[in-house]
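The data block below is my_file.cif; it holds mmCIF, C-alpha atoms and all ligand atoms.
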```
data_target
loop_
_atom_site.group_PDB
_atom_site.id
_atom_site.type_symbol
_atom_site.label_atom_id
_atom_site.label_comp_id
_atom_site.auth_asym_id
_atom_site.auth_seq_id
_atom_site.Cartn_x
_atom_site.Cartn_y
_atom_site.Cartn_z
ATOM 1 C CA MET A 1 10.241 -11.572 28.750
ATOM 2 C CA PRO A 2 10.069 -11.723 32.543
ATOM 3 C CA GLU A 3 13.323 -12.458 34.282
ATOM 4 C CA LEU A 4 11.736 -14.812 36.763
ATOM 5 C CA SER A 5 8.775 -17.139 36.341
ATOM 6 C CA GLY A 6 7.377 -20.334 37.705
ATOM 7 C CA LYS A 7 4.339 -22.385 38.546
ATOM 8 C CA CYS A 8 2.989 -24.916 40.986
ATOM 9 C CA LEU A 9 2.875 -28.632 40.258
ATOM 10 C CA CYS A 10 -0.629 -28.579 38.698
ATOM 11 C CA GLY A 11 -0.111 -25.231 36.973
ATOM 12 C CA ASN A 12 -3.171 -23.482 38.439
ATOM 13 C CA ILE A 13 -0.914 -20.889 40.061
ATOM 14 C CA SER A 14 1.872 -19.211 38.174
ATOM 15 C CA PHE A 15 3.942 -16.083 38.573
ATOM 16 C CA ASN A 16 6.421 -13.845 36.873
ATOM 17 C CA ALA A 17 8.629 -11.053 38.095
ATOM 18 C CA ASP A 18 10.809 -8.664 36.170
ATOM 19 C CA THR A 19 13.277 -8.302 39.001
ATOM 20 C CA GLU A 20 16.467 -9.554 40.569
ATOM 21 C CA ILE A 21 16.729 -11.997 43.438
ATOM 22 C CA MET A 22 17.799 -9.887 46.432
ATOM 23 C CA ARG A 23 19.091 -12.772 48.504
ATOM 24 C CA ALA A 24 19.009 -16.535 48.491
ATOM 25 C CA ALA A 25 19.348 -18.731 51.558
ATOM 26 C CA ASN A 26 18.884 -22.332 52.550
ATOM 27 C CA CYS A 27 16.733 -22.460 55.685
ATOM 28 C CA HIS A 28 16.923 -25.553 57.859
ATOM 29 C CA CYS A 29 14.393 -24.407 60.483
ATOM 30 C CA THR A 30 11.697 -26.811 61.635
ATOM 31 C CA ASP A 31 8.953 -24.580 60.156
ATOM 32 C CA CYS A 32 10.483 -24.679 56.674
ATOM 33 C CA ARG A 33 11.088 -28.397 56.906
ATOM 34 C CA GLY A 34 7.502 -29.018 58.011
ATOM 35 C CA ALA A 35 6.029 -26.676 55.403
ATOM 36 C CA THR A 36 7.957 -28.062 52.445
ATOM 37 C CA GLY A 37 8.270 -31.661 53.507
ATOM 38 C CA ALA A 38 11.894 -31.383 52.391
ATOM 39 C CA ALA A 39 15.158 -31.450 54.332
ATOM 40 C CA TYR A 40 15.429 -27.666 53.979
ATOM 41 C CA ALA A 41 13.897 -24.801 52.032
ATOM 42 C CA THR A 42 15.776 -22.594 49.595
ATOM 43 C CA LEU A 43 14.233 -19.143 49.820
ATOM 44 C CA LEU A 44 14.678 -16.486 47.148
ATOM 45 C CA THR A 45 13.816 -13.007 48.370
ATOM 46 C CA VAL A 46 12.334 -10.598 45.827
ATOM 47 C CA ASP A 47 10.617 -7.215 45.812
ATOM 48 C CA GLU A 48 6.944 -8.006 46.445
ATOM 49 C CA GLU A 49 5.809 -5.190 44.122
ATOM 50 C CA ALA A 50 7.592 -6.781 41.171
ATOM 51 C CA LEU A 51 5.865 -10.133 41.545
ATOM 52 C CA ASN A 52 2.732 -10.880 39.522
ATOM 53 C CA ILE A 53 0.798 -13.912 40.684
ATOM 54 C CA SER A 54 -1.881 -15.591 38.542
ATOM 55 C CA GLY A 55 -4.400 -17.759 40.345
ATOM 56 C CA ALA A 56 -5.404 -17.729 43.994
ATOM 57 C CA PRO A 57 -2.906 -19.235 46.416
ATOM 58 C CA LYS A 58 -4.152 -20.165 49.849
ATOM 59 C CA ALA A 59 -2.396 -18.664 52.876
ATOM 60 C CA TYR A 60 -1.398 -20.374 56.082
ATOM 61 C CA LYS A 61 -0.496 -17.886 58.822
ATOM 62 C CA HIS A 62 1.540 -18.605 61.914
ATOM 63 C CA LYS A 63 4.005 -17.013 64.326
ATOM 64 C CA ALA A 64 7.739 -17.569 64.105
ATOM 65 C CA GLU A 65 9.923 -18.100 67.164
ATOM 66 C CA SER A 66 11.149 -14.555 66.570
ATOM 67 C CA GLY A 67 7.580 -13.269 67.071
ATOM 68 C CA ALA A 68 7.279 -12.352 63.394
ATOM 69 C CA ASP A 69 4.022 -13.067 61.585
ATOM 70 C CA LEU A 70 4.621 -15.542 58.807
ATOM 71 C CA GLU A 71 2.406 -16.352 55.893
ATOM 72 C CA LYS A 72 2.954 -19.316 53.627
ATOM 73 C CA LEU A 73 1.234 -19.252 50.251
ATOM 74 C CA PHE A 74 0.488 -22.518 48.526
ATOM 75 C CA CYS A 75 -1.642 -23.990 45.770
ATOM 76 C CA PRO A 76 -4.905 -25.303 47.255
ATOM 77 C CA ASP A 77 -5.230 -27.864 44.458
ATOM 78 C CA CYS A 78 -1.826 -29.561 44.371
ATOM 79 C CA GLY A 79 -0.323 -28.326 47.655
ATOM 80 C CA SER A 80 2.856 -26.802 46.200
ATOM 81 C CA GLN A 81 4.457 -24.326 48.588
ATOM 82 C CA MET A 82 5.295 -21.276 46.523
ATOM 83 C CA PHE A 83 5.827 -18.077 48.493
ATOM 84 C CA ALA A 84 6.347 -16.869 52.040
ATOM 85 C CA ARG A 85 5.889 -13.496 53.721
ATOM 86 C CA ASN A 86 7.607 -12.385 56.924
ATOM 87 C CA SER A 87 6.377 -9.309 58.820
ATOM 88 C CA ASN A 88 10.006 -8.566 59.774
ATOM 89 C CA ARG A 89 10.876 -8.134 56.112
ATOM 90 C CA PRO A 90 8.252 -5.740 54.750
ATOM 91 C CA ASN A 91 7.732 -5.289 50.993
ATOM 92 C CA THR A 92 9.525 -8.502 50.203
ATOM 93 C CA LEU A 93 8.362 -12.013 49.566
ATOM 94 C CA SER A 94 10.354 -15.172 49.229
ATOM 95 C CA ILE A 95 9.881 -17.630 46.405
ATOM 96 C CA ARG A 96 10.549 -21.288 47.108
ATOM 97 C CA ALA A 97 13.381 -22.229 44.784
ATOM 98 C CA GLY A 98 11.702 -25.435 43.632
ATOM 99 C CA VAL A 99 8.931 -23.618 41.757
ATOM 100 C CA LEU A 100 11.205 -21.277 39.797
ATOM 101 C CA ASP A 101 11.765 -21.942 36.068
ATOM 102 C CA GLN A 102 15.167 -20.239 35.944
ATOM 103 C CA THR A 103 17.107 -22.827 37.932
ATOM 104 C CA SER A 104 20.421 -21.191 37.026
ATOM 105 C CA GLU A 105 19.298 -18.157 39.090
ATOM 106 C CA VAL A 106 19.115 -20.292 42.237
ATOM 107 C CA ARG A 107 22.433 -19.596 43.946
ATOM 108 C CA PRO A 108 22.102 -19.627 47.743
ATOM 109 C CA THR A 109 24.878 -17.715 49.508
ATOM 110 C CA PHE A 110 24.237 -18.825 53.072
ATOM 111 C CA ASN A 111 22.591 -21.395 55.324
ATOM 112 C CA VAL A 112 20.410 -20.444 58.285
ATOM 113 C CA PHE A 113 19.074 -22.376 61.255
ATOM 114 C CA LEU A 114 21.876 -24.911 61.064
ATOM 115 C CA SER A 115 21.067 -25.587 64.714
ATOM 116 C CA SER A 116 17.928 -27.452 63.636
ATOM 117 C CA LYS A 117 19.096 -29.080 60.422
ATOM 118 C CA ILE A 118 18.673 -32.794 59.793
ATOM 119 C CA GLU A 119 22.001 -34.298 60.730
ATOM 120 C CA SER A 120 22.589 -36.055 57.405
ATOM 121 C CA THR A 121 21.889 -32.968 55.251
ATOM 122 C CA PRO A 122 25.111 -31.973 53.484
ATOM 123 C CA VAL A 123 26.116 -28.331 53.797
ATOM 124 C CA ASP A 124 28.456 -26.498 51.418
ATOM 125 C CA PRO A 125 31.417 -25.428 53.597
ATOM 126 C CA ASP A 126 32.116 -22.493 51.237
ATOM 127 C CA LEU A 127 28.836 -20.802 52.183
ATOM 128 C CA ASP A 128 28.294 -18.701 55.290
ATOM 129 C CA GLY A 129 26.397 -20.593 57.944
ATOM 130 C CA PHE A 130 24.327 -19.380 60.886
ATOM 131 C CA ASP A 131 22.863 -21.331 63.757
ATOM 132 C CA ARG A 132 19.839 -19.070 63.683
ATOM 133 C CA MET A 133 18.518 -16.237 61.532
ATOM 134 C CA PRO A 134 21.053 -13.386 61.328
ATOM 135 C CA GLY A 135 19.786 -9.808 61.562
HETATM 136 ZN ZN ZN B 201 -1.189 -26.376 41.878
HETATM 137 ZN ZN ZN B 202 12.906 -21.529 57.774
#
```

Structure encoded using structure tokens:
Amino acid sequence: MPELSGKCLCGNISFNADTEIMRAANCHCTDCRGATGAAYATLLTVDEEALNISGAPKAYKHKAESGADLEKLFCPDCGSQMFARNSNRPNTLSIRAGVLDQTSEVRPTFNVFLSSKIESTPVDPDLDGFDRMPG
């Protein structure tokens, strides 16, 4: 039984991973907001090697403000954003929290890019918060 699993809205792309979530963050940057269409993205970082993807996600590549190469992987049929790769974080991949089956595993510990968050978005004061991306 894989520890983590999930699928896109139409089900053409699914994944499983027998691994732990290394870190979980809410990102309020304009790229994540634009990509997801949501007020912020919750990103779950996992070991890329441990992730098995079924189906063929489409990739959208762009540059981050930091200069890093970013790749966003989504379902070409239903448009669900599923994974993201960042060249500054090799061998890892982040899963968008909304496509994960194990919702109890989604426990963000910090917020990033609070400088560009939508003003009305509530933020848990008990979590660490950063105006930009730390490290
Ligand atoms: Zn789909
Ligand atoms: Zn972001």

- [ ] Produce as an MDAnalysis selection string the set of residues near ligand ZN 201 (chain B), where near means within 10 Å with only C-alpha atoms and all ligand atoms considered.
- [x] chainID A and resid 7:14 55:57 74:82

Set the distance at 12 Å and use only C-alpha atoms: which residues neighbour Gly37 in chain A once local chain neighbours fewer than 3 positions away are removed? I'd like the list as a JSON list (two decimals) with C-alpha atoms, in the frame of the given file.
```
[["chain", "number", "residue", "atom", "x", "y", "z"],
["A", 28, "HIS", "CA", 16.92, -25.55, 57.86],
["A", 29, "CYS", "CA", 14.39, -24.41, 60.48],
["A", 30, "THR", "CA", 11.70, -26.81, 61.64],
["A", 31, "ASP", "CA", 8.95, -24.58, 60.16],
["A", 32, "CYS", "CA", 10.48, -24.68, 56.67],
["A", 33, "ARG", "CA", 11.09, -28.40, 56.91],
["A", 34, "GLY", "CA", 7.50, -29.02, 58.01],
["A", 40, "TYR", "CA", 15.43, -27.67, 53.98],
["A", 41, "ALA", "CA", 13.90, -24.80, 52.03],
["A", 79, "GLY", "CA", -0.32, -28.33, 47.66],
["A", 80, "SER", "CA", 2.86, -26.80, 46.20],
["A", 81, "GLN", "CA", 4.46, -24.33, 48.59]]
```

Task: Near-ligand residues for ligand ZN 202 (chain B), threshold 12 Å, only C-alpha atoms and all ligand atoms, as a PyMOL selection string - done: chain A and resi 25-44+63-66+70-72+84-86+94+96+111-117+131-133

- [ ] Please indicate the distance in Å from CA of Thr19 in chain A to CA of Ala50 in chain A, rounded to one decimal place.
- [x] 6.3 Å

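Residue nearest Gly129 in chain A within the list A:Gln102, A:Gly6, A:Thr109, A:Arg23: A:Thr109 [criterion: smallest interatomic distance, all atoms listed in the file].
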
- [ ] Select, from A:Ala97, A:Lys61, A:Ser5, A:Gly67, the residue with the minimum atom-to-atom distance to Thr45 in chain A, counting all atoms listed in the file.
- [x]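 Residue with the minimum atom-to-atom distance to Thr45 in chain A: A:Ala97.
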
- [ ] Could you please determine the separation between CA of Val123 in chain A and CA of Ser104 in chain A in Å, to one decimal place?
- [x]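 Answer for the CA of Val123 in chain A to CA of Ser104 in chain A separation: 19.1 Å.
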
TODO: Run through the PyMOL selection byres (((chain A and resi 59) around 6) and not hetatm) on the given coordinates and return the selected residues as a list of chain:residue names.
DONE: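 Answer for the PyMOL selection byres (((chain A and resi 59) around 6) and not hetatm): A:Lys58, A:Tyr60, A:Lys72, A:Leu73.
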
Would you give the centre and edge lengths, in Å to one decimal, of a box along x, y and z around the listed atoms of range 84-101 of chain A, with 4 Å added to each side, as AutoDock Vina command-line options?
```
--center_x 9.6 --center_y -15.4 --center_z 47.9 --size_x 15.5 --size_y 28.1 --size_z 31.7
```

Task: Nearest residue to Asp69 in chain A from the set A:Glu119, A:Ser54, A:Pro90, A:Asp18 (distances using all atoms listed in the file) - done: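 Result for the nearest residue to Asp69 in chain A: A:Pro90.
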